[in-house]
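Enquirer: What follows is final18.csv; its format and atoms are CSV, C-alpha atoms.
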```
chain,number,residue,atom,x,y,z
A,1,MET,CA,29.5,-23.8,21.7
A,2,TRP,CA,27.1,-23.8,24.6
A,3,GLN,CA,28.8,-20.9,26.2
A,4,TRP,CA,28.4,-19.0,22.9
A,5,PHE,CA,24.8,-20.0,22.8
A,6,HIS,CA,24.3,-18.7,26.4
A,7,LYS,CA,26.0,-15.4,25.5
A,8,LEU,CA,23.8,-15.1,22.4
A,9,GLY,CA,20.8,-15.3,24.8
A,10,SER,CA,22.1,-12.4,26.8
A,11,PRO,CA,20.5,-9.1,25.5
A,12,LYS,CA,23.2,-7.0,27.1
A,13,TRP,CA,26.1,-8.9,25.5
A,14,PHE,CA,24.3,-9.0,22.1
A,15,PHE,CA,23.6,-5.2,22.3
A,16,GLY,CA,27.3,-4.5,22.7
A,17,ILE,CA,28.5,-6.8,20.0
A,18,ALA,CA,25.9,-5.6,17.6
A,19,GLY,CA,26.9,-2.0,18.3
A,20,ARG,CA,30.4,-2.8,17.3
A,21,LEU,CA,29.4,-4.7,14.1
A,22,ILE,CA,26.9,-2.2,12.8
A,23,PRO,CA,29.3,0.5,11.4
A,24,TRP,CA,31.3,-2.2,9.5
A,25,LEU,CA,28.2,-3.8,8.1
A,26,GLY,CA,26.8,-0.4,7.0
A,27,PHE,CA,30.2,0.6,5.4
A,28,GLY,CA,30.6,-2.8,3.7
A,29,ALA,CA,27.1,-2.7,2.3
A,30,LEU,CA,27.5,0.8,0.9
A,31,MET,CA,30.8,-0.1,-0.7
A,32,LEU,CA,29.8,-3.4,-2.2
A,33,LEU,CA,26.4,-2.2,-3.4
A,34,GLY,CA,28.0,0.9,-4.9
A,35,VAL,CA,30.6,-1.1,-6.8
A,36,GLY,CA,28.2,-3.9,-7.8
A,37,ILE,CA,25.4,-1.6,-9.0
A,38,VAL,CA,27.7,0.8,-11.0
A,39,TRP,CA,29.4,-2.3,-12.5
A,40,GLY,CA,26.1,-3.9,-13.4
A,41,LEU,CA,24.5,-0.8,-14.8
A,42,LEU,CA,27.4,0.8,-16.7
A,43,PHE,CA,30.1,-1.8,-17.4
A,44,ALA,CA,28.5,-5.3,-17.6
A,45,PRO,CA,27.8,-6.2,-21.2
A,46,ALA,CA,24.2,-6.2,-22.5
A,47,ASP,CA,22.4,-9.6,-22.7
A,48,TYR,CA,22.3,-10.9,-26.3
A,49,GLN,CA,18.5,-11.7,-26.0
A,50,GLN,CA,17.2,-9.2,-23.4
A,51,GLY,CA,19.4,-6.3,-24.2
A,52,ASP,CA,19.7,-3.8,-21.3
A,53,SER,CA,16.5,-4.8,-19.6
A,54,TYR,CA,18.4,-7.7,-17.9
A,55,ARG,CA,20.3,-5.1,-15.8
A,56,ILE,CA,17.4,-5.4,-13.3
A,57,ILE,CA,18.9,-8.7,-12.3
A,58,PHE,CA,21.5,-7.1,-10.1
A,59,ILE,CA,18.8,-6.1,-7.6
A,60,HIS,CA,16.0,-8.6,-8.5
A,61,VAL,CA,18.0,-11.8,-7.8
A,62,PRO,CA,19.7,-10.7,-4.5
A,63,SER,CA,16.4,-9.3,-3.0
A,64,ALA,CA,14.4,-12.4,-4.0
A,65,TYR,CA,17.2,-14.6,-2.6
A,66,LEU,CA,17.3,-12.7,0.7
A,67,GLY,CA,13.5,-12.5,0.9
A,68,GLN,CA,13.5,-16.3,1.1
A,69,SER,CA,16.6,-16.9,3.2
A,70,LEU,CA,15.5,-14.3,5.8
A,71,TYR,CA,12.2,-16.2,6.2
A,72,VAL,CA,14.1,-19.5,6.7
A,73,ALA,CA,16.2,-17.7,9.3
A,74,MET,CA,13.0,-16.4,11.1
A,75,ALA,CA,11.6,-19.9,11.1
A,76,LEU,CA,14.8,-21.3,12.6
A,77,ALA,CA,14.7,-18.6,15.3
A,78,GLY,CA,11.0,-19.5,15.8
A,79,ALA,CA,12.0,-23.1,16.5
A,80,VAL,CA,14.8,-22.1,18.8
A,81,GLY,CA,12.3,-19.8,20.6
A,82,LEU,CA,9.7,-22.5,21.0
A,83,ILE,CA,12.2,-25.2,22.2
A,84,TRP,CA,14.6,-23.3,24.4
A,85,ARG,CA,12.4,-20.3,25.3
A,86,MET,CA,15.1,-18.0,24.1
A,87,LYS,CA,13.9,-14.4,24.2
A,88,MET,CA,16.5,-13.2,21.7
A,89,ALA,CA,14.9,-15.5,19.1
A,90,ASP,CA,11.8,-13.5,19.2
A,91,THR,CA,13.8,-10.3,19.1
A,92,PHE,CA,15.3,-11.5,15.9
A,93,ILE,CA,11.9,-12.3,14.4
A,94,ALA,CA,10.6,-8.8,15.3
A,95,ALA,CA,13.6,-7.2,13.7
A,96,THR,CA,13.7,-9.3,10.6
A,97,ALA,CA,10.1,-9.4,9.4
A,98,PRO,CA,10.0,-5.8,8.1
A,99,VAL,CA,13.4,-6.2,6.4
A,100,GLY,CA,12.3,-9.5,4.7
A,101,ALA,CA,9.0,-7.9,3.7
A,102,ALA,CA,10.7,-4.9,2.1
A,103,LEU,CA,13.1,-7.1,0.1
A,104,THR,CA,10.4,-9.4,-1.0
A,105,PHE,CA,8.4,-6.4,-2.2
A,106,VAL,CA,11.5,-5.2,-4.1
A,107,ALA,CA,11.8,-8.6,-5.7
A,108,LEU,CA,8.1,-8.6,-6.7
A,109,PHE,CA,8.2,-5.1,-8.1
A,110,THR,CA,11.4,-5.5,-10.0
A,111,GLY,CA,10.2,-8.8,-11.3
A,112,ALA,CA,7.0,-7.2,-12.6
A,113,VAL,CA,8.9,-4.4,-14.3
A,114,TRP,CA,11.3,-6.9,-15.8
A,115,GLY,CA,8.4,-9.1,-16.9
A,116,LYS,CA,6.8,-6.5,-19.0
A,117,PRO,CA,9.5,-6.1,-21.7
A,118,THR,CA,10.6,-9.8,-21.6
A,119,TRP,CA,7.3,-11.7,-21.2
A,120,GLY,CA,4.9,-9.0,-22.3
A,121,THR,CA,3.1,-8.9,-19.0
A,122,TRP,CA,3.5,-7.3,-15.6
A,123,TRP,CA,2.0,-10.2,-13.8
A,124,ILE,CA,0.8,-13.7,-14.3
A,125,TRP,CA,-0.6,-16.2,-11.7
A,126,ASP,CA,2.1,-18.8,-12.2
A,127,ALA,CA,3.7,-20.9,-9.5
A,128,ARG,CA,6.9,-18.8,-8.9
A,129,LEU,CA,5.2,-15.4,-8.8
A,130,THR,CA,2.2,-16.6,-6.8
A,131,SER,CA,4.3,-18.3,-4.1
A,132,MET,CA,6.5,-15.2,-3.9
A,133,LEU,CA,3.5,-13.1,-3.4
A,134,LEU,CA,2.4,-15.5,-0.6
A,135,LEU,CA,5.8,-15.0,1.0
A,136,PHE,CA,5.2,-11.2,1.0
A,137,PHE,CA,1.8,-11.8,2.7
A,138,LEU,CA,3.4,-14.2,5.2
A,139,TYR,CA,5.8,-11.4,6.3
A,140,LEU,CA,2.9,-8.9,6.6
A,141,GLY,CA,1.0,-11.6,8.6
A,142,VAL,CA,3.9,-11.9,11.1
A,143,MET,CA,4.0,-8.2,11.4
A,144,ALA,CA,0.3,-7.8,11.8
A,145,LEU,CA,0.1,-10.6,14.3
A,146,ARG,CA,2.8,-9.1,16.5
A,147,ARG,CA,1.0,-5.8,16.4
A,148,ALA,CA,-2.3,-7.4,17.5
A,149,LEU,CA,-1.0,-9.4,20.4
A,150,GLU,CA,0.0,-7.5,23.5
A,151,ASP,CA,1.3,-10.2,25.9
A,152,PRO,CA,5.0,-10.7,25.0
A,153,GLU,CA,4.9,-14.5,25.6
A,154,ASN,CA,1.8,-15.0,23.5
A,155,ARG,CA,3.2,-12.9,20.8
A,156,ALA,CA,6.5,-14.7,20.8
A,157,ARG,CA,4.8,-18.1,20.6
A,158,ALA,CA,2.2,-17.1,18.0
A,159,SER,CA,4.7,-15.5,15.6
A,160,ALA,CA,7.1,-18.5,16.0
A,161,ILE,CA,4.3,-20.9,15.0
A,162,LEU,CA,3.4,-18.7,12.1
A,163,THR,CA,6.9,-18.6,10.8
A,164,LEU,CA,7.2,-22.3,11.1
A,165,VAL,CA,3.9,-23.0,9.3
A,166,GLY,CA,4.8,-20.5,6.6
A,167,VAL,CA,8.2,-22.0,5.9
A,168,VAL,CA,6.6,-24.8,3.8
A,169,ASN,CA,6.2,-22.1,1.2
A,170,ILE,CA,10.0,-21.8,0.8
A,171,PRO,CA,10.6,-25.1,-1.0
A,172,ILE,CA,7.6,-24.4,-3.1
A,173,ILE,CA,9.2,-21.1,-4.3
A,174,LYS,CA,12.5,-22.8,-4.8
A,175,PHE,CA,11.3,-25.7,-6.9
A,176,SER,CA,8.3,-24.0,-8.5
A,177,VAL,CA,10.3,-23.4,-11.7
A,178,GLU,CA,11.2,-27.1,-12.0
A,179,TRP,CA,7.9,-28.7,-10.8
A,180,TRP,CA,5.6,-26.6,-12.9
A,181,ASN,CA,5.7,-25.0,-16.3
A,182,THR,CA,6.2,-21.4,-15.5
A,183,LEU,CA,7.2,-18.3,-17.4
A,184,HIS,CA,9.9,-17.7,-14.8
A,185,GLN,CA,13.2,-19.2,-15.9
A,186,PRO,CA,15.1,-21.7,-13.6
A,187,ALA,CA,18.1,-20.5,-11.6
A,188,SER,CA,21.0,-19.4,-13.7
A,189,ILE,CA,23.5,-19.7,-10.9
A,190,ARG,CA,23.8,-22.8,-8.7
A,191,MET,CA,26.2,-23.8,-6.0
A,192,THR,CA,27.0,-27.1,-7.7
A,193,GLU,CA,27.5,-26.0,-11.3
A,194,ALA,CA,29.3,-23.4,-13.3
A,195,PRO,CA,27.1,-20.3,-13.8
A,196,ALA,CA,25.2,-20.0,-17.0
A,197,MET,CA,26.4,-16.5,-17.7
A,198,PRO,CA,29.8,-14.9,-18.3
A,199,ALA,CA,32.0,-13.7,-15.5
A,200,SER,CA,31.4,-10.1,-16.6
A,201,MET,CA,27.8,-10.6,-15.5
A,202,TRP,CA,28.0,-12.9,-12.5
A,203,VAL,CA,30.9,-11.2,-10.7
A,204,PRO,CA,28.9,-7.9,-10.3
A,205,LEU,CA,25.9,-10.0,-9.4
A,206,LEU,CA,27.8,-11.8,-6.7
A,207,ILE,CA,29.1,-8.4,-5.4
A,208,CYS,CA,25.6,-7.1,-5.2
A,209,ALA,CA,24.4,-10.3,-3.5
A,210,ILE,CA,27.1,-10.0,-0.8
A,211,GLY,CA,26.2,-6.3,-0.4
A,212,PHE,CA,22.5,-7.2,0.0
A,213,HIS,CA,23.5,-9.6,2.8
A,214,LEU,CA,25.5,-6.9,4.6
A,215,LEU,CA,22.6,-4.4,4.1
A,216,ALA,CA,20.1,-6.9,5.6
A,217,GLY,CA,22.5,-7.7,8.5
A,218,TRP,CA,23.0,-4.0,9.2
A,219,LEU,CA,19.3,-3.2,9.3
A,220,ILE,CA,18.4,-6.3,11.3
A,221,LEU,CA,21.1,-5.6,14.0
A,222,MET,CA,20.0,-2.0,14.3
A,223,ARG,CA,16.4,-3.1,14.7
A,224,MET,CA,17.3,-5.8,17.2
A,225,ARG,CA,19.1,-3.1,19.3
A,226,ASN,CA,15.9,-1.0,19.2
A,227,GLU,CA,13.9,-4.0,20.3
A,228,ILE,CA,16.4,-4.8,23.1
A,229,LEU,CA,16.2,-1.2,24.4
A,230,HIS,CA,12.4,-1.5,24.5
A,231,ARG,CA,12.2,-4.9,26.1
A,232,GLU,CA,14.9,-4.5,28.7
A,233,ARG,CA,13.8,-0.9,29.5
A,234,ARG,CA,13.6,-1.8,33.2
A,235,ALA,CA,17.1,-3.1,33.4
A,236,ARG,CA,19.7,-0.8,35.0
A,237,TRP,CA,22.2,-1.0,32.1
A,238,VAL,CA,19.6,0.1,29.6
A,239,ARG,CA,18.6,3.0,31.7
A,240,ASN,CA,22.2,4.1,32.1
A,241,TRP,CA,22.8,3.6,28.4
A,242,VAL,CA,19.7,5.6,27.4
A,243,LEU,CA,20.6,8.5,29.7
A,244,SER,CA,24.1,8.6,28.3
A,245,GLN,CA,22.8,9.2,24.8
B,1,MET,CA,31.7,1.4,-20.2
B,2,GLN,CA,28.8,0.2,-22.3
B,3,PHE,CA,27.2,3.6,-23.0
B,4,ASP,CA,28.9,6.4,-24.8
B,5,SER,CA,26.8,9.3,-23.5
B,6,LEU,CA,24.6,10.2,-20.6
B,7,GLN,CA,21.6,10.1,-22.9
B,8,SER,CA,22.2,6.6,-24.0
B,9,LEU,CA,22.8,5.5,-20.4
B,10,ILE,CA,19.4,7.0,-19.4
B,11,ALA,CA,17.7,5.5,-22.5
B,12,MET,CA,19.2,2.0,-22.0
B,13,ASN,CA,18.3,1.3,-25.6
B,14,GLY,CA,14.6,1.7,-24.9
B,15,TYR,CA,14.6,-0.1,-21.6
B,16,GLY,CA,15.4,2.9,-19.5
B,17,ALA,CA,12.0,3.3,-17.9
B,18,TYR,CA,12.0,-0.3,-16.7
B,19,VAL,CA,15.6,-0.4,-15.4
B,20,TRP,CA,15.6,3.0,-13.7
B,21,SER,CA,12.2,2.6,-12.1
B,22,SER,CA,13.4,-0.7,-10.6
B,23,TYR,CA,16.5,0.9,-9.1
B,24,LEU,CA,14.5,3.9,-7.9
B,25,VAL,CA,12.0,1.7,-6.1
B,26,PHE,CA,14.8,-0.3,-4.5
B,27,LEU,CA,16.4,2.9,-3.3
B,28,VAL,CA,13.2,4.3,-1.9
B,29,VAL,CA,12.3,1.1,-0.1
B,30,ILE,CA,15.7,0.8,1.5
B,31,ALA,CA,15.8,4.5,2.4
B,32,ALA,CA,12.3,4.2,4.1
B,33,LEU,CA,13.6,1.1,6.0
B,34,VAL,CA,16.7,3.0,7.2
B,35,LEU,CA,14.7,6.1,8.2
B,36,GLY,CA,12.0,4.0,9.9
B,37,THR,CA,14.8,2.2,11.9
B,38,ARG,CA,16.4,5.5,12.9
B,39,LEU,CA,13.0,7.0,14.0
B,40,GLN,CA,12.2,3.9,16.0
B,41,TYR,CA,15.5,4.3,17.8
B,42,ARG,CA,14.9,8.0,18.5
B,43,ARG,CA,11.4,7.4,19.8
B,44,ILE,CA,12.5,4.7,22.2
B,45,VAL,CA,15.4,6.6,23.5
B,46,LEU,CA,13.5,9.9,23.9
B,47,ASP,CA,10.5,8.1,25.6
B,48,GLN,CA,12.8,6.4,28.1
B,49,GLN,CA,14.8,9.6,28.8
B,50,ARG,CA,11.5,11.4,29.6
B,51,LEU,CA,10.3,8.6,31.8
B,52,ALA,CA,13.6,8.5,33.7
B,53,ARG,CA,13.5,12.3,34.3
B,54,ILE,CA,9.9,12.1,35.6
B,55,GLU,CA,10.9,9.4,38.0
B,56,THR,CA,13.9,11.2,39.3
B,57,ARG,CA,11.7,14.3,39.8
B,58,LYS,CA,9.0,12.4,41.7
B,59,ALA,CA,11.7,10.8,43.8
B,60,SER,CA,13.2,14.2,44.7
B,61,GLU,CA,9.7,15.7,45.4
B,62,ARG,CA,8.9,12.8,47.8
B,63,LYS,CA,12.2,13.4,49.5
B,64,THR,CA,11.6,17.1,50.1
B,65,GLN,CA,8.0,16.4,51.2
B,66,ASN,CA,9.3,13.9,53.8
B,67,GLU,CA,11.9,16.3,55.0
B,68,SER,CA,9.4,19.2,55.4
B,69,GLY,CA,6.8,16.9,57.0
B,70,SER,CA,8.9,15.6,59.8
```
Represent the structure of the file as structure tokens.
Expert:
Amino acid sequence: MWQWFHKLGSPKWFFGIAGRLIPWLGFGALMLLGVGIVWGLLFAPADYQQGDSYRIIFIHVPSAYLGQSLYVAMALAGAVGLIWRMKMADTFIAATAPVGAALTFVALFTGAVWGKPTWGTWWIWDARLTSMLLLFFLYLGVMALRRALEDPENRARASAILTLVGVVNIPIIKFSVEWWNTLHQPASIRMTEAPAMPASMWVPLLICAIGFHLLAGWLILMRMRNEILHRERRARWVRNWVLSQ
Amino acid sequence: MQFDSLQSLIAMNGYGAYVWSSYLVFLVVIAALVLGTRLQYRRIVLDQQRLARIETRKASERKTQNESGS
């Protein structure tokens, strides 16, 4: 375990492993998203209340889910970075913030577009929507903060602290639909219960969700490799690698 | 297959504009992210290659200067 942790802290080792994983993640994401989206758009039955508008679910739910879980992952990395001074933790935050921001934006946009035909409004300042918008701004905040600070150590500490402060928003998003009366419906799929929809709907949704995870992993690993090349630019192995490209 | 023609697939029983715009925005955002990541990579590699070349040139110039000077 500790040996693994030490290896994970080594940019050179991580760079190599990530390079081997990236093609598989990209291929898997393309396959699963292709199958899941085509299934969801063309073959899954229409909802008996919402008709075909519910087909937005196949990108809305996975992107909203990942928008939140990526933020939690950033906060965990922030804690690891602050406690063990692990540089790779900051590399992860730098790579993940834009991906999380993009997916949260997709969740907000598709939610607004889905809200119009189902609720009759694009936007309402209710708990779920507002806390999700706050999540988007937190991602932008981490990115802006990183851009504003030049000293790498200051930047790492400041963004780690911001991710940890912002993580209180995550349980608010999660439980907002239960604590407050909101327009947004509660979760239809939970780990502990049978899903509240037929298999012909939740199977393509699950395929899309796995595809989204691979897509995020693919993007994050590519961005982490970029970040490593930049940070370790003075290392001999980076120089040799860059010259071999 | 839930739709019997391309027209009905595009129309989605009146929800076409909502559904398709959602998927389009998703596609555009992901494409921008992938493109941004590739450009970031290219910029880093090209910058470092240029720097490395400048350094090797300077080093060789210094070497020839030293040789002609002595």
Enquirer: Looking at B:Leu39, B:Leu6, B:Ile44, B:Leu24, which one is nearest to chain A, with distances taken over only C-alpha atoms?
Expert: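 That would be B:Ile44, the residue with the smallest distance to chain A.
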Enquirer: Can you check which residues of chain A have any atom within 10 Å of chain B? Use only C-alpha atoms and format it as a count of residues only.
Expert: 60
Enquirer: Find, counting all atoms listed in the file, the residue in A:Leu129, A:Thr118, A:Gln3, A:Thr104 that gets nearest to Ile172 of chain A.
Expert: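 Checking each candidate against Ile172 of chain A, we get A:Leu129 as the closest.
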Enquirer: Would you pick out the contacts of segment 140-153 of chain A at 10 Å or less, using all atoms listed in the file, so that residues sharing its chain but fewer than 5 positions from it are not included, and give the list as a PyMOL selection string?
Expert: chain A and resi 85+87+90+93-98+100-102+134-135+158-163+166+231
Enquirer: Quick one, how far is atom CA of Cys208 of chain A from atom CA of Ala187 of chain A?
Expert: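 A separation of 16.6 Å between them.
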Enquirer: Determine the nearest neighbour of Leu214 of chain A from the options A:Pro62, A:Pro186, A:Gly28, A:Gly34, counting only C-alpha atoms.
Expert: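 Looking only at the distances to Leu214 of chain A, the closest residue turns out to be A:Gly28.
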Enquirer: So what do you get for atom CA of Ala31 of chain B versus atom CA of Phe27 of chain A, distance-wise?
Expert: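 Separation of atom CA of Ala31 of chain B and atom CA of Phe27 of chain A: 15.2 Å.
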Enquirer: Check the smallest atom-to-atom distance from each of A:Ile83, A:Val168, A:Ile210, A:Leu183 to Ile124 of chain A using only C-alpha atoms, then report the winner.
Expert: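 Closest to Ile124 of chain A of all the choices is A:Leu183.
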